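Right, one structure below, let's go through it.
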Amino acid sequence: MTSSKTSANSFVRRVRSQLESLSAAERRLADFMLEFPGELASYAASELAALAGVSNATVSRFIRRLGYASYEEAKRDVRREKESGSPLFQAVKKDAGGQVSLIATHLEQSQSNLARTFAQLSDEQMQDIVTALVEAPRVLIFGTRGSHGFVRYLRWQMLRVLPSVVAMPEAGESLAEHLAGLTPQDCLVVFGIRRQTRQISGLLEVASKSGCKILFICDAMSPDRSEATWSIQCQCAGPGLLDNHVSVMALCDLVASMVMEGAGAAGRKRLASIELLHEDLEEL
């Protein structure tokens, strides 16, 4: 079960399902398609190849890999999704010409990423996630490399109202020490922003077998994970060499804010106790 509104055989879902088995050229094409899926409806195969920096043969081969009989069939599929109003299909690749303020460019990209990410969410979905987090005896959070900062931030926010929120593994610890005894009542949050370590696959497999609920937060360029109870793809396209993670941080803030409210009287009591101890210990 995932939270994505895209159907199982949609164009974007088809592309994402192939990400782990692509050649370098095909991956470059896939990345372009996922960042600008609406482009396919407007261009001939040769034009798309030029935009993505690959050969015409790569485009043809990749379209067949996705299960389409022809490029035209894929274009029709994309056109239907674009007409449905999906925000993922509204972004277009901008012409590099012209002098544009770097600040304005970054602001525009951040706003676009934020809007396209939050357009996928629903109140019902977010409430289900928050209920699972609040009711879980243990909340475990995992993410390495660039995702580690989001792990620390989300844990710090939720720990003020939830008694057992763990960022794993800490220095000198193993994943096994945290995963032992995982139950269906527990909840695991995994940040899978691209270029994660290999630990993530084994972690998800073990967690899935335990029956615990899994919230998987990734970017649009990363493959789906079938083990996830909820999967949220954040738009992280950047105007320069770096990915833009505004939408990931905003999602963390949304989850934390809803958890603080959802924790109710017990959460407020814990928060009050923490504030009193801050005074007693003169920590702040």
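By convention in this document, the chains of the structure tokens carry letters A, B, ... by their order, each chain's residues are numbered from 1, and ligands are numbered from 1 in the order they are shown.
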Using DSSP on the backbone coordinates, identify the residues of stretch 194-245 of chain A assigned to helix (DSSP H, G or I); present them as an NGL selection string.
:A and (199-210)
Hey, what's within 10 Å of A:Glu73 if we count only C-alpha atoms and toss same-chain stuff fewer than 6 positions away? As a ChimeraX atom specification, please?
/A:63,67,79
Residues near A:Ser222, anyone? I mean within 12 Å using only C-alpha atoms, not counting same-chain ones fewer than 5 positions away, as a list of chain:residue names.
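Non-adjacent residues within range: A:Val12, A:Arg13, A:Val15, A:Arg16, A:Ser17, A:Gln18, A:Leu19, A:Glu20, A:Arg27, A:Ala30, A:Asp31, A:Leu34, A:Glu35, A:Phe191, A:Gly192, A:Ile193, A:Arg194, A:Arg195, A:Gln196, A:Phe216, A:Ile217, A:Ser231, A:Ile232, A:Gln233, A:Cys234, A:Gln235, A:Cys236.
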Counting only C-alpha atoms, what is within 9 Å of A:Ala41, bar same-chain residues fewer than 5 positions away, as a PDB file with N, CA, C and O atoms, in the first residue's frame?
ATOM      1  N   GLU A  72       4.534   6.861 -29.445  1.00  0.00           N
ATOM      2  CA  GLU A  72       3.238   7.547 -29.531  1.00  0.00           C
ATOM      3  C   GLU A  72       2.284   7.059 -28.443  1.00  0.00           C
ATOM      4  O   GLU A  72       1.506   7.837 -27.898  1.00  0.00           O
ATOM      5  N   ALA A  74       3.164   5.987 -25.493  1.00  0.00           N
ATOM      6  CA  ALA A  74       3.628   6.609 -24.256  1.00  0.00           C
ATOM      7  C   ALA A  74       3.188   8.068 -24.192  1.00  0.00           C
ATOM      8  O   ALA A  74       2.759   8.555 -23.141  1.00  0.00           O
ATOM      9  N   LYS A  75       3.272   8.786 -25.321  1.00  0.00           N
ATOM     10  CA  LYS A  75       2.851  10.185 -25.367  1.00  0.00           C
ATOM     11  C   LYS A  75       1.365  10.323 -25.033  1.00  0.00           C
ATOM     12  O   LYS A  75       0.959  11.242 -24.318  1.00  0.00           O
ATOM     13  N   ARG A  76       0.551   9.406 -25.543  1.00  0.00           N
ATOM     14  CA  ARG A  76      -0.889   9.460 -25.246  1.00  0.00           C
ATOM     15  C   ARG A  76      -1.131   9.269 -23.750  1.00  0.00           C
ATOM     16  O   ARG A  76      -1.996   9.935 -23.151  1.00  0.00           O
ATOM     17  N   ASP A  77      -0.385   8.356 -23.148  1.00  0.00           N
ATOM     18  CA  ASP A  77      -0.521   8.099 -21.716  1.00  0.00           C
ATOM     19  C   ASP A  77      -0.164   9.350 -20.918  1.00  0.00           C
ATOM     20  O   ASP A  77      -0.875   9.758 -19.993  1.00  0.00           O
ATOM     21  N   VAL A  78       0.954   9.988 -21.286  1.00  0.00           N
ATOM     22  CA  VAL A  78       1.401  11.205 -20.600  1.00  0.00           C
ATOM     23  C   VAL A  78       0.391  12.335 -20.807  1.00  0.00           C
ATOM     24  O   VAL A  78       0.068  13.081 -19.878  1.00  0.00           O
ATOM     25  N   ARG A  79      -0.142  12.445 -22.036  1.00  0.00           N
ATOM     26  CA  ARG A  79      -1.100  13.511 -22.321  1.00  0.00           C
ATOM     27  C   ARG A  79      -2.361  13.366 -21.457  1.00  0.00           C
ATOM     28  O   ARG A  79      -2.896  14.358 -20.952  1.00  0.00           O
ATOM     29  N   LYS A  82      -1.451  14.530 -18.011  1.00  0.00           N
ATOM     30  CA  LYS A  82      -1.292  15.984 -18.005  1.00  0.00           C
ATOM     31  C   LYS A  82      -2.648  16.672 -17.991  1.00  0.00           C
ATOM     32  O   LYS A  82      -2.876  17.642 -17.262  1.00  0.00           O
TER      33      LYS A  82
END
For a quick check of understanding, using only C-alpha atoms, which of A:Phe36, A:Glu170, A:Arg268, A:Ile214 has the smallest distance to A:Asp128?
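Result for the nearest residue to A:Asp128: A:Ile214.
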Given only C-alpha atoms as the counted atoms, nearest of A:Phe32, A:Ser70, A:Ala24, A:Glu261 to A:Leu133
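Using only C-alpha atoms, the shortest distance to A:Leu133 belongs to A:Glu261.
Atom CA of A:Thr58 is positioned 9.9 Å from atom CA of A:Ala45.
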Point-to-point distance from atom CA of A:Ser112 to atom CA of A:Gly262, Å rounded to tenths:
28.8 Å
Contact residues around A:Ala228 with only C-alpha atoms at 10 Å, ignoring same-chain residues under 4 positions, as a ChimeraX atom specification:
/A:1-3,188-190,204-205,207-208,212-217,224,232
Selected residues written out, N, CA and C atoms, as a PDB file, in the first residue's frame:
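After the write, out29.pdb holds the following:
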ATOM      1  N   MET A   1       0.843  -1.194   0.000  1.00  0.00           N
ATOM      2  CA  MET A   1       0.000   0.000   0.000  1.00  0.00           C
ATOM      3  C   MET A   1       0.875   1.239   0.000  1.00  0.00           C
ATOM      4  N   THR A   2       0.693   2.154  -0.938  1.00  0.00           N
ATOM      5  CA  THR A   2       1.395   3.416  -0.934  1.00  0.00           C
ATOM      6  C   THR A   2       0.381   4.529  -1.024  1.00  0.00           C
ATOM      7  N   SER A   3       0.857   5.742  -0.722  1.00  0.00           N
ATOM      8  CA  SER A   3      -0.058   6.869  -0.693  1.00  0.00           C
ATOM      9  C   SER A   3      -0.110   7.622  -2.003  1.00  0.00           C
ATOM     10  N   LEU A 188       8.207   2.917  11.693  1.00  0.00           N
ATOM     11  CA  LEU A 188       9.526   3.226  11.157  1.00  0.00           C
ATOM     12  C   LEU A 188       9.397   4.322  10.102  1.00  0.00           C
ATOM     13  N   VAL A 189      10.210   5.365  10.247  1.00  0.00           N
ATOM     14  CA  VAL A 189      10.284   6.430   9.243  1.00  0.00           C
ATOM     15  C   VAL A 189      11.636   6.307   8.563  1.00  0.00           C
ATOM     16  N   VAL A 190      11.623   6.176   7.246  1.00  0.00           N
ATOM     17  CA  VAL A 190      12.868   6.016   6.488  1.00  0.00           C
ATOM     18  C   VAL A 190      12.982   7.150   5.474  1.00  0.00           C
ATOM     19  N   LEU A 204      14.503  -2.182   5.263  1.00  0.00           N
ATOM     20  CA  LEU A 204      13.103  -2.230   4.862  1.00  0.00           C
ATOM     21  C   LEU A 204      12.575  -3.662   4.821  1.00  0.00           C
ATOM     22  N   GLU A 205      13.405  -4.582   4.401  1.00  0.00           N
ATOM     23  CA  GLU A 205      12.993  -5.981   4.351  1.00  0.00           C
ATOM     24  C   GLU A 205      12.698  -6.516   5.748  1.00  0.00           C
ATOM     25  N   ALA A 207      12.026  -4.744   8.489  1.00  0.00           N
ATOM     26  CA  ALA A 207      10.895  -4.023   9.068  1.00  0.00           C
ATOM     27  C   ALA A 207       9.573  -4.518   8.498  1.00  0.00           C
ATOM     28  N   SER A 208       9.563  -4.788   7.190  1.00  0.00           N
ATOM     29  CA  SER A 208       8.347  -5.289   6.557  1.00  0.00           C
ATOM     30  C   SER A 208       7.939  -6.643   7.114  1.00  0.00           C
ATOM     31  N   CYS A 212       5.598  -3.929  11.078  1.00  0.00           N
ATOM     32  CA  CYS A 212       5.465  -2.551  11.556  1.00  0.00           C
ATOM     33  C   CYS A 212       5.087  -1.631  10.396  1.00  0.00           C
ATOM     34  N   LYS A 213       4.534  -0.480  10.721  1.00  0.00           N
ATOM     35  CA  LYS A 213       4.145   0.484   9.700  1.00  0.00           C
ATOM     36  C   LYS A 213       5.381   1.277   9.273  1.00  0.00           C
ATOM     37  N   ILE A 214       5.482   1.529   7.965  1.00  0.00           N
ATOM     38  CA  ILE A 214       6.668   2.179   7.414  1.00  0.00           C
ATOM     39  C   ILE A 214       6.264   3.413   6.605  1.00  0.00           C
ATOM     40  N   LEU A 215       6.818   4.558   6.996  1.00  0.00           N
ATOM     41  CA  LEU A 215       6.677   5.783   6.210  1.00  0.00           C
ATOM     42  C   LEU A 215       7.981   5.982   5.454  1.00  0.00           C
ATOM     43  N   PHE A 216       7.917   5.941   4.115  1.00  0.00           N
ATOM     44  CA  PHE A 216       9.101   6.072   3.280  1.00  0.00           C
ATOM     45  C   PHE A 216       9.057   7.427   2.588  1.00  0.00           C
ATOM     46  N   ILE A 217      10.047   8.272   2.890  1.00  0.00           N
ATOM     47  CA  ILE A 217      10.132   9.609   2.323  1.00  0.00           C
ATOM     48  C   ILE A 217      11.331   9.647   1.389  1.00  0.00           C
ATOM     49  N   ASP A 224      10.752   3.341  -6.044  1.00  0.00           N
ATOM     50  CA  ASP A 224       9.734   3.025  -5.049  1.00  0.00           C
ATOM     51  C   ASP A 224      10.188   1.858  -4.184  1.00  0.00           C
ATOM     52  N   ILE A 232       5.997   8.816   0.198  1.00  0.00           N
ATOM     53  CA  ILE A 232       5.850  10.212  -0.222  1.00  0.00           C
ATOM     54  C   ILE A 232       7.083  10.616  -1.006  1.00  0.00           C
TER      55      ILE A 232
END
Which residue gives the smallest distance to A:Gln199 among A:Phe142, A:Phe11, A:Phe62, A:Phe118, with only C-alpha atoms counted?
A:Phe142
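Across the model, the gap from atom CA of A:Ser10 to atom CA of A:Ser23 is 21.9 Å.
Proximity of A:Glu135, A:Pro184, A:Ala115, A:Val161 to A:Ala250, computed with only C-alpha atoms, is greatest for A:Ala115.
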Considering only C-alpha atoms, can you say which of A:Gly181, A:Gly267, A:Gly38, A:Gly149 comes closest to A:Gly211?
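Ranked by minimum distance to A:Gly211, first place goes to A:Gly181.
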Per DSSP on the backbone, filter stretch 139-175 of chain A down to the residues in strand (DSSP E) and report them as a PyMOL selection string.
chain A and resi 139-142+165-168
Now that the selection is made, can you save its residues with C-alpha atoms as a PDB file, in the first residue's frame?
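The new file result04.pdb reads:
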ATOM      1  CA  VAL A 139       9.192   5.279  16.568  1.00  0.00           C
ATOM      2  CA  LEU A 140      12.438   4.537  14.738  1.00  0.00           C
ATOM      3  CA  ILE A 141      13.886   6.959  12.175  1.00  0.00           C
ATOM      4  CA  PHE A 142      16.580   6.101   9.636  1.00  0.00           C
ATOM      5  CA  VAL A 165      11.646   8.309  19.273  1.00  0.00           C
ATOM      6  CA  VAL A 166      14.994   6.905  18.174  1.00  0.00           C
ATOM      7  CA  ALA A 167      17.362   7.967  15.405  1.00  0.00           C
ATOM      8  CA  MET A 168      19.231   4.867  14.321  1.00  0.00           C
TER       9      MET A 168
END
